[in-house]
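What's in data.cif: mmCIF, C-alpha atoms
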```cif
data_structure
loop_
_atom_site.label_atom_id
_atom_site.label_comp_id
_atom_site.auth_asym_id
_atom_site.auth_seq_id
_atom_site.Cartn_x
_atom_site.Cartn_y
_atom_site.Cartn_z
CA MET G 1 -61.69 74.03 168.31
CA GLN G 2 -58.57 75.87 167.23
CA THR G 3 -57.27 78.41 169.73
CA LYS G 4 -57.25 82.09 168.78
CA LEU G 5 -53.99 83.52 167.51
CA ASP G 6 -52.07 85.89 169.77
CA LEU G 7 -51.66 89.26 168.07
CA ASN G 8 -47.99 89.36 169.11
CA LEU G 9 -47.36 86.15 167.17
CA ALA G 10 -48.72 87.77 164.02
CA ARG G 11 -46.45 90.75 164.58
CA ILE G 12 -43.42 88.47 164.95
CA LEU G 13 -44.27 86.60 161.74
CA CYS G 14 -44.50 89.87 159.81
CA GLU G 15 -41.27 91.18 161.31
CA VAL G 16 -39.34 88.02 160.38
CA ILE G 17 -40.56 88.39 156.79
CA ASP G 18 -39.67 92.10 156.72
CA ALA G 19 -36.29 91.68 158.41
CA GLY G 20 -35.33 88.47 156.62
CA SER G 21 -33.89 86.70 159.66
CA VAL G 22 -34.73 85.72 163.23
CA SER G 23 -31.88 87.74 164.72
CA ALA G 24 -32.80 90.92 162.81
CA ALA G 25 -36.46 90.52 163.78
CA ALA G 26 -35.49 90.08 167.44
CA MET G 27 -33.36 93.23 167.31
CA ASN G 28 -36.14 95.27 165.67
CA LEU G 29 -38.74 94.09 168.18
CA LYS G 30 -36.30 94.41 171.11
CA ILE G 31 -36.87 90.85 172.26
CA SER G 32 -34.57 87.84 172.51
CA ILE G 33 -33.83 85.50 169.62
CA SER G 34 -35.23 82.62 171.68
CA ALA G 35 -38.52 84.52 172.10
CA VAL G 36 -38.79 84.84 168.31
CA SER G 37 -38.00 81.13 167.87
CA ILE G 38 -40.64 80.14 170.43
CA ALA G 39 -43.18 82.36 168.70
CA LEU G 40 -42.41 80.80 165.31
CA ASN G 41 -42.87 77.32 166.77
CA LYS G 42 -46.27 78.33 168.12
CA LEU G 43 -47.19 79.72 164.71
CA ARG G 44 -46.08 76.53 162.96
CA LYS G 45 -48.21 74.47 165.34
CA HIS G 46 -51.18 76.81 164.98
CA HIS G 47 -51.10 76.75 161.16
CA ASN G 48 -49.70 73.22 160.80
CA ASN G 49 -47.09 74.57 158.38
CA THR G 50 -43.32 75.09 158.52
CA LEU G 51 -43.86 78.75 157.51
CA PHE G 52 -40.10 79.41 157.02
CA PHE G 53 -37.10 77.62 155.52
CA ARG G 54 -33.53 78.50 156.41
CA GLN G 55 -31.58 80.01 153.51
CA GLY G 56 -28.01 81.03 154.27
CA ASN G 57 -28.16 83.37 157.26
CA GLY G 58 -31.80 84.25 156.65
CA MET G 59 -35.30 82.82 156.60
CA MET G 60 -37.34 82.19 153.45
CA PRO G 61 -41.14 82.34 153.99
CA THR G 62 -43.38 79.65 152.55
CA ALA G 63 -46.31 80.49 150.30
CA LEU G 64 -48.65 80.22 153.31
CA ALA G 65 -46.50 82.60 155.35
CA LEU G 66 -46.66 85.19 152.55
CA GLU G 67 -50.42 84.81 152.29
CA LEU G 68 -50.76 85.25 156.06
CA TYR G 69 -48.59 88.36 155.83
CA LYS G 70 -51.09 89.90 153.40
CA PHE G 71 -53.77 89.61 156.10
CA TYR G 72 -51.70 90.20 159.22
CA GLN G 73 -49.76 93.32 158.19
CA PRO G 74 -52.79 95.50 157.30
CA ALA G 75 -54.48 94.35 160.51
CA LEU G 76 -51.40 95.27 162.56
CA ASN G 77 -51.27 98.67 160.88
CA LEU G 78 -54.89 99.24 161.89
CA PHE G 79 -54.11 98.29 165.49
CA ASP G 80 -51.12 100.65 165.48
CA GLU G 81 -53.27 103.47 164.12
CA ALA G 82 -55.93 102.76 166.74
CA GLU G 83 -53.36 102.92 169.54
CA LYS G 84 -51.98 106.17 168.14
CA PHE G 85 -55.51 107.58 167.91
CA GLN G 86 -56.20 106.63 171.51
CA ALA G 87 -52.96 108.26 172.67
CA ASP G 88 -53.82 111.43 170.76
CA ALA G 89 -57.34 111.43 172.15
CA MET G 90 -55.95 111.40 175.69
CA LEU G 91 -53.96 114.55 174.87
CA PRO G 92 -56.44 116.79 173.00
CA SER G 93 -54.22 119.86 173.35
CA ARG G 94 -51.15 118.10 171.99
CA VAL G 95 -49.77 119.72 168.83
CA GLN G 96 -48.53 117.28 166.20
CA LYS G 97 -44.76 117.16 165.89
CA LEU G 98 -43.39 116.45 162.43
CA ARG G 99 -39.94 114.87 162.13
CA ILE G 100 -38.20 115.06 158.76
CA ALA G 101 -34.77 113.64 157.94
CA THR G 102 -33.42 115.07 154.70
CA VAL G 103 -30.35 115.72 152.57
CA PRO G 104 -28.37 119.00 152.52
CA LEU G 105 -30.02 121.96 150.75
CA LEU G 106 -33.46 120.38 150.87
CA ASP G 107 -33.39 120.99 154.61
CA LEU G 108 -33.11 124.75 154.05
CA PHE G 109 -35.64 124.58 151.22
CA LEU G 110 -38.22 122.99 153.51
CA VAL G 111 -37.49 125.26 156.47
CA ASP G 112 -37.93 128.28 154.20
CA LYS G 113 -41.33 126.93 153.15
CA PHE G 114 -42.44 126.17 156.70
CA LEU G 115 -41.43 129.61 158.00
CA ASP G 116 -42.69 131.57 154.99
CA ALA G 117 -46.07 129.78 155.07
CA PRO G 118 -46.81 128.56 158.64
CA GLU G 119 -50.25 127.41 157.57
CA PHE G 120 -48.60 124.87 155.26
CA CYS G 121 -47.92 122.60 158.26
CA ASN G 122 -51.44 123.01 159.64
CA GLY G 123 -50.12 124.25 162.98
CA ALA G 124 -47.78 121.30 163.53
CA GLY G 125 -44.37 121.73 165.08
CA TRP G 126 -41.43 120.30 163.18
CA ASP G 127 -37.88 119.02 163.49
CA VAL G 128 -35.73 118.99 160.35
CA LEU G 129 -32.53 117.00 160.74
CA ALA G 130 -29.78 115.45 158.65
CA VAL G 131 -30.62 112.11 157.08
CA SER G 132 -28.40 109.21 158.14
CA GLN G 133 -25.95 107.85 155.56
CA ASP G 134 -26.66 104.31 156.77
CA PRO G 135 -29.67 102.87 154.86
CA THR G 136 -30.29 100.37 157.66
CA VAL G 137 -30.60 103.19 160.19
CA ARG G 138 -32.95 105.10 157.90
CA ILE G 139 -35.23 102.09 157.48
CA GLU G 140 -35.23 101.32 161.19
CA ARG G 141 -36.12 104.91 162.15
CA LEU G 142 -39.05 104.85 159.74
CA ARG G 143 -40.21 101.46 160.99
CA ARG G 144 -40.18 102.68 164.58
CA LYS G 145 -41.79 105.97 163.51
CA GLN G 146 -38.92 107.95 164.97
CA ILE G 147 -38.91 109.74 161.61
CA ASP G 148 -42.12 110.66 159.77
CA LEU G 149 -40.56 111.55 156.43
CA ASP G 150 -37.17 110.42 155.11
CA ILE G 151 -35.71 112.21 152.08
CA GLY G 152 -32.64 110.88 150.32
CA THR G 153 -31.44 108.21 147.92
CA ALA G 154 -33.76 105.26 147.30
CA LEU G 155 -33.91 102.64 150.04
CA SER G 156 -34.14 98.91 149.40
CA ASN G 157 -37.62 97.42 149.20
CA ASP G 158 -39.28 97.11 152.59
CA ARG G 159 -42.88 96.01 153.02
CA SER G 160 -43.45 98.40 155.90
CA LEU G 161 -42.43 101.49 153.89
CA LEU G 162 -43.68 103.45 150.89
CA CYS G 163 -41.36 105.26 148.48
CA TYR G 164 -42.17 108.32 146.33
CA PRO G 165 -39.76 109.79 143.76
CA ILE G 166 -39.22 113.54 144.12
CA PHE G 167 -36.95 114.47 141.26
CA TYR G 168 -34.20 113.05 139.12
CA GLY G 169 -32.14 115.26 136.87
CA GLY G 170 -28.91 116.99 136.05
CA MET G 171 -26.85 119.72 137.63
CA THR G 172 -26.89 123.45 136.87
CA MET G 173 -23.91 125.79 137.01
CA VAL G 174 -24.32 129.00 139.01
CA CYS G 175 -22.18 131.98 139.95
CA ALA G 176 -22.53 135.39 141.62
CA LYS G 177 -24.76 137.87 139.78
CA ASP G 178 -21.86 140.30 139.42
CA HIS G 179 -19.13 137.81 138.50
CA PRO G 180 -16.72 139.96 136.43
CA ARG G 181 -15.66 137.39 133.82
CA ILE G 182 -18.62 135.07 133.38
CA LYS G 183 -21.40 136.34 131.18
CA GLN G 184 -24.54 134.45 130.24
CA SER G 185 -22.60 131.39 129.08
CA VAL G 186 -19.10 129.91 129.17
CA THR G 187 -17.10 127.63 126.92
CA LEU G 188 -15.15 124.67 128.21
CA GLU G 189 -11.88 126.60 127.89
CA GLN G 190 -13.30 129.56 129.81
CA PHE G 191 -14.62 127.28 132.51
CA ARG G 192 -11.22 125.69 133.00
CA GLN G 193 -9.86 129.10 133.98
CA GLU G 194 -12.39 129.54 136.78
CA SER G 195 -12.34 128.27 140.36
CA LEU G 196 -14.96 125.62 141.01
CA LEU G 197 -16.20 125.21 144.57
CA GLY G 198 -17.56 121.67 144.91
CA PHE G 199 -19.49 119.62 147.44
CA ILE G 200 -18.01 116.73 149.42
CA TYR G 201 -20.60 114.00 149.71
CA SER G 202 -20.83 112.45 153.16
CA GLU G 203 -20.47 108.91 151.82
CA GLU G 204 -17.06 109.72 150.32
CA LYS G 205 -14.26 107.70 151.90
CA LEU G 206 -11.18 109.46 153.22
CA GLY G 207 -8.23 109.06 150.91
CA LYS G 208 -10.44 108.55 147.87
CA GLU G 209 -9.29 110.30 144.71
CA ILE G 210 -11.01 113.65 144.23
CA PRO G 211 -14.09 113.03 142.10
CA GLY G 212 -14.44 114.74 138.76
CA ILE G 213 -17.21 115.56 136.35
CA GLN G 214 -16.87 113.50 133.18
CA HIS G 215 -17.48 115.19 129.84
CA ASN G 216 -18.01 113.60 126.46
CA ASP G 217 -14.55 114.74 125.34
CA GLU G 218 -13.11 112.66 128.23
CA ASP G 219 -11.78 115.74 130.00
CA LEU G 220 -12.12 115.72 133.78
CA LEU G 221 -13.03 119.04 135.36
CA PHE G 222 -11.77 118.67 138.89
CA ARG G 223 -13.26 120.62 141.75
CA ASN G 224 -10.51 123.10 142.71
CA PHE G 225 -11.92 123.58 146.20
CA ARG G 226 -14.51 121.61 148.11
CA SER G 227 -16.61 121.81 151.26
CA SER G 228 -18.97 119.44 153.04
CA SER G 229 -21.35 122.33 153.77
CA ILE G 230 -23.64 123.28 150.90
CA ILE G 231 -24.57 126.53 152.68
CA THR G 232 -20.89 127.50 152.87
CA ILE G 233 -20.54 126.76 149.16
CA LEU G 234 -23.52 128.89 148.17
CA LEU G 235 -22.66 131.82 150.43
CA GLN G 236 -19.05 131.90 149.22
CA THR G 237 -20.08 131.57 145.57
CA ALA G 238 -22.44 134.52 145.99
CA LYS G 239 -19.66 136.75 147.36
CA ARG G 240 -16.60 135.65 145.40
CA GLU G 241 -15.39 134.87 141.88
CA LEU G 242 -16.39 131.20 142.01
CA VAL G 243 -18.73 128.82 140.27
CA THR G 244 -20.52 125.78 141.65
CA MET G 245 -23.00 123.10 140.64
CA ILE G 246 -26.45 122.56 142.16
CA PRO G 247 -29.37 120.22 141.35
CA SER G 248 -31.27 121.72 138.42
CA ALA G 249 -34.61 121.19 140.17
CA LEU G 250 -33.55 123.61 142.93
CA ALA G 251 -31.80 126.18 140.73
CA PRO G 252 -34.61 128.81 140.62
CA TRP G 253 -35.00 128.81 144.40
CA VAL G 254 -31.24 128.74 145.05
CA CYS G 255 -30.60 131.70 142.73
CA GLU G 256 -33.31 133.78 144.39
CA ARG G 257 -32.32 132.74 147.92
CA PHE G 258 -28.57 133.34 147.58
CA GLY G 259 -28.31 136.03 144.92
CA LEU G 260 -26.87 133.75 142.25
CA ARG G 261 -27.52 133.30 138.55
CA VAL G 262 -27.52 130.36 136.17
CA VAL G 263 -24.59 130.00 133.78
CA GLU G 264 -25.17 128.28 130.46
CA HIS G 265 -22.36 126.18 128.96
CA ASP G 266 -21.57 124.63 125.59
CA PHE G 267 -20.35 121.32 127.05
CA PRO G 268 -22.43 118.54 128.67
CA ILE G 269 -22.29 117.66 132.34
CA LYS G 270 -23.34 114.09 132.89
CA HIS G 271 -23.59 114.21 136.68
CA THR G 272 -27.16 113.58 137.88
CA VAL G 273 -28.90 113.55 141.22
CA GLY G 274 -32.12 111.86 142.32
CA TYR G 275 -33.99 111.87 145.63
CA TYR G 276 -36.93 109.98 147.06
CA THR G 277 -39.25 110.40 150.02
CA HIS G 278 -40.07 107.45 152.27
CA ILE G 279 -42.82 107.08 154.86
CA HIS G 280 -44.21 104.26 156.98
CA ARG G 281 -46.97 102.41 155.15
CA SER G 282 -49.45 103.14 157.94
CA GLU G 283 -49.03 106.89 157.23
CA LYS G 284 -50.00 106.70 153.55
CA ASN G 285 -53.21 108.64 154.22
CA ASN G 286 -51.58 111.27 156.43
CA PRO G 287 -52.69 114.54 154.77
CA LEU G 288 -49.71 116.59 156.00
CA LEU G 289 -47.13 114.08 154.77
CA GLN G 290 -48.88 113.79 151.42
CA LYS G 291 -48.97 117.59 151.13
CA ILE G 292 -45.19 117.77 151.66
CA ILE G 293 -44.54 114.91 149.25
CA ASN G 294 -46.66 116.58 146.55
CA PHE G 295 -44.89 119.90 147.18
CA LEU G 296 -41.47 118.28 146.72
CA SER G 297 -42.63 116.28 143.69
CA GLU G 298 -43.47 119.52 141.90
CA LEU G 299 -39.75 120.38 141.87
CA GLY G 300 -39.05 117.77 139.22
#
```

Go ahead and render the structure in this file as structure tokens.
Amino acid sequence: MQTKLDLNLARILCEVIDAGSVSAAAMNLKISISAVSIALNKLRKHHNNTLFFRQGNGMMPTALALELYKFYQPALNLFDEAEKFQADAMLPSRVQKLRIATVPLLDLFLVDKFLDAPEFCNGAGWDVLAVSQDPTVRIERLRRKQIDLDIGTALSNDRSLLCYPIFYGGMTMVCAKDHPRIKQSVTLEQFRQESLLGFIYSEEKLGKEIPGIQHNDEDLLFRNFRSSSIITILLQTAKRELVTMIPSALAPWVCERFGLRVVEHDFPIKHTVGYYTHIHRSEKNNPLLQKIINFLSELG
């Protein structure tokens, strides 16, 4: 009679497939590499199959290993949910704490929503923090459920995570409502005479040439002044004779929030921005997370 499979062995198999290597799986599970190797040997003996082939610095699962993953991972998610339920049941007065990592501007957008409509979060507390610029860190925080909702650029495929597109679109030009020279629209020549306050993206390397916005006439409109704080940019644009660019999906809210107005232009701006939300697969039926995702998706 075949012995029953240890649940921890199933978890290790799934983690090796997700992480792609023994060393990465060991790091994610916080166990030694030798412990992972021993577990894989037990799994090979149990299933009478090699389960993995070495490929470069990683591990390639066999067809059987992938089939086992289809059964093991949902089962592990159920066990994780059961443990979480038990922990919550032991603390009936505990208020849910929501942790969201997001990109600049969307952090303020969400905090405005949460404070304007407290019932939106169903009584849950929340932390809104800056999203890491390291995709590996973002994935790891979601895997460990240190973050409930990650908002930013698309992450690489990971079987433990789900990805939802929020919006993808162009940029809109805005200025102060009482800007003395800019009327409803500007020409390219008029725009060149104005001071553009631009955003420094966190992934930009020091010493890199100042980025420009490419137009179809091959002119580069350089950002005269730049800041890494989007709030600084919007507050200064609202009070001074400046113009700036913001994601079109957020333009109505930004204009109302900061006393700005949209400026039309007779030249194209090809710069686009797109963001995605990511959650742990086991949270796909979480009603609060789905409510926030749907709310953000309506922006696009």

- The distance between atom CA of G:Phe120 and atom CA of G:Glu81 is 23.6 Å

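Across the structure, atom CA of G:Ile279 and atom CA of G:Leu162 are spaced 5.4 Å apart.
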
As an mmCIF file with C-alpha atoms, in the coordinates of the input, please: the residues near G:Asn224 (cut-off 7 Å, all atoms listed in the file, same-chain neighbours under 6 positions excluded).
```
data_model
loop_
_atom_site.group_PDB
_atom_site.id
_atom_site.type_symbol
_atom_site.label_atom_id
_atom_site.label_comp_id
_atom_site.auth_asym_id
_atom_site.auth_seq_id
_atom_site.Cartn_x
_atom_site.Cartn_y
_atom_site.Cartn_z
ATOM 1 C CA SER G 195 -12.340 128.270 140.360
ATOM 2 C CA LEU G 196 -14.960 125.620 141.010
ATOM 3 C CA LEU G 197 -16.200 125.210 144.570
#
```

- Would you work out the distance separating atom CA of G:Val16 from atom CA of G:Leu43, expressed in Å to one decimal? 12.2 Å

- Query: G:Ile38, G:Val22, G:Ile33, G:Ile292: which is nearest G:Leu9, counting all atoms listed in the file?
  - Reply: G:Ile38

- Kindly resolve the PyMOL selection byres ((chain G and resi 148) around 9) on the present coordinates and return the residues as number ranges by chain. G: 98-101, 141-142, 145-147, 149-150, 278-280, 283, 289

- Task: Please write the residues picked by the PyMOL selection byres ((chain G and resi 182) around 10) on this file as a PyMOL selection string.
- Result: chain G and resi 175-181+183-187+190-191+194+241-243+263-264

Please produce a file of those selected residues containing C-alpha atoms, as a tab-separated table (two decimals), keeping the file's coordinate frame.
```tsv
chain	number	residue	atom	x	y	z
G	175	CYS	CA	-22.18	131.98	139.95
G	176	ALA	CA	-22.53	135.39	141.62
G	177	LYS	CA	-24.76	137.87	139.78
G	178	ASP	CA	-21.86	140.30	139.42
G	179	HIS	CA	-19.13	137.81	138.50
G	180	PRO	CA	-16.72	139.96	136.43
G	181	ARG	CA	-15.66	137.39	133.82
G	183	LYS	CA	-21.40	136.34	131.18
G	184	GLN	CA	-24.54	134.45	130.24
G	185	SER	CA	-22.60	131.39	129.08
G	186	VAL	CA	-19.10	129.91	129.17
G	187	THR	CA	-17.10	127.63	126.92
G	190	GLN	CA	-13.30	129.56	129.81
G	191	PHE	CA	-14.62	127.28	132.51
G	194	GLU	CA	-12.39	129.54	136.78
G	241	GLU	CA	-15.39	134.87	141.88
G	242	LEU	CA	-16.39	131.20	142.01
G	243	VAL	CA	-18.73	128.82	140.27
G	263	VAL	CA	-24.59	130.00	133.78
G	264	GLU	CA	-25.17	128.28	130.46
```

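Distance check against G:Gly123 using only C-alpha atoms: of G:Lys97, G:Arg143, G:Lys4, G:Lys291, the minimum falls on G:Lys97.
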
- Task: Carefully work through the PyMOL selection byres ((chain G and resi 163-174) around 8) for this structure and note down the residues it includes, as a VMD selection string.
- Result: chain G and resid 154 161 to 162 175 to 176 243 to 249 251 255 260 to 264 269 to 279 293 296 to 300

Could you dump the residues just selected with C-alpha atoms as a CSV table (one decimal), keeping the file's coordinate frame?
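Ended up saving to again.csv:
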```
chain,number,residue,atom,x,y,z
G,154,ALA,CA,-33.8,105.3,147.3
G,161,LEU,CA,-42.4,101.5,153.9
G,162,LEU,CA,-43.7,103.4,150.9
G,175,CYS,CA,-22.2,132.0,140.0
G,176,ALA,CA,-22.5,135.4,141.6
G,243,VAL,CA,-18.7,128.8,140.3
G,244,THR,CA,-20.5,125.8,141.6
G,245,MET,CA,-23.0,123.1,140.6
G,246,ILE,CA,-26.4,122.6,142.2
G,247,PRO,CA,-29.4,120.2,141.4
G,248,SER,CA,-31.3,121.7,138.4
G,249,ALA,CA,-34.6,121.2,140.2
G,251,ALA,CA,-31.8,126.2,140.7
G,255,CYS,CA,-30.6,131.7,142.7
G,260,LEU,CA,-26.9,133.8,142.2
G,261,ARG,CA,-27.5,133.3,138.6
G,262,VAL,CA,-27.5,130.4,136.2
G,263,VAL,CA,-24.6,130.0,133.8
G,264,GLU,CA,-25.2,128.3,130.5
G,269,ILE,CA,-22.3,117.7,132.3
G,270,LYS,CA,-23.3,114.1,132.9
G,271,HIS,CA,-23.6,114.2,136.7
G,272,THR,CA,-27.2,113.6,137.9
G,273,VAL,CA,-28.9,113.6,141.2
G,274,GLY,CA,-32.1,111.9,142.3
G,275,TYR,CA,-34.0,111.9,145.6
G,276,TYR,CA,-36.9,110.0,147.1
G,277,THR,CA,-39.2,110.4,150.0
G,278,HIS,CA,-40.1,107.4,152.3
G,279,ILE,CA,-42.8,107.1,154.9
G,293,ILE,CA,-44.5,114.9,149.2
G,296,LEU,CA,-41.5,118.3,146.7
G,297,SER,CA,-42.6,116.3,143.7
G,298,GLU,CA,-43.5,119.5,141.9
G,299,LEU,CA,-39.8,120.4,141.9
G,300,GLY,CA,-39.0,117.8,139.2
```

- Query: Which of these, G:Ala75, G:Ala10, G:Ala26, G:Ile230, has the shortest distance to G:Val103 once you count all atoms listed in the file?
  - Reply: G:Ile230

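Checking G:Arg281, G:Arg240, G:His265, G:Arg159 one by one against G:Asp18, counting all atoms listed in the file, you find the shortest gap at G:Arg159.
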
Report as AutoDock Vina command-line options the centre and the edge lengths, in Å to one decimal, of the axis-aligned box holding every listed atom of stretch 174-193 of chain G, padded by 5 Å on each side.
```
--center_x -17.3 --center_y 132.5 --center_z 134.3 --size_x 24.9 --size_y 25.6 --size_z 24.7
```

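Remark: for G:Glu256, the closest of the candidate residues G:Thr136, G:Asn77, G:Ala238, G:Phe53 is G:Ala238 (distances computed over all atoms listed in the file).
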
- Item | For G:Gly58: contacts at 10 Å, all atoms listed in the file, fewer than 5 positions along chain excluded, given as a list in words | Val16, Ile17, Ala19, Gly20, Ser21, Val22, Ser23, Ala24, Phe52 and Phe53 of chain G

- Which one of G:Asp158, G:Asp127, G:Asp107, G:Glu67 sits closest to G:Leu13 if you count all atoms listed in the file? G:Glu67
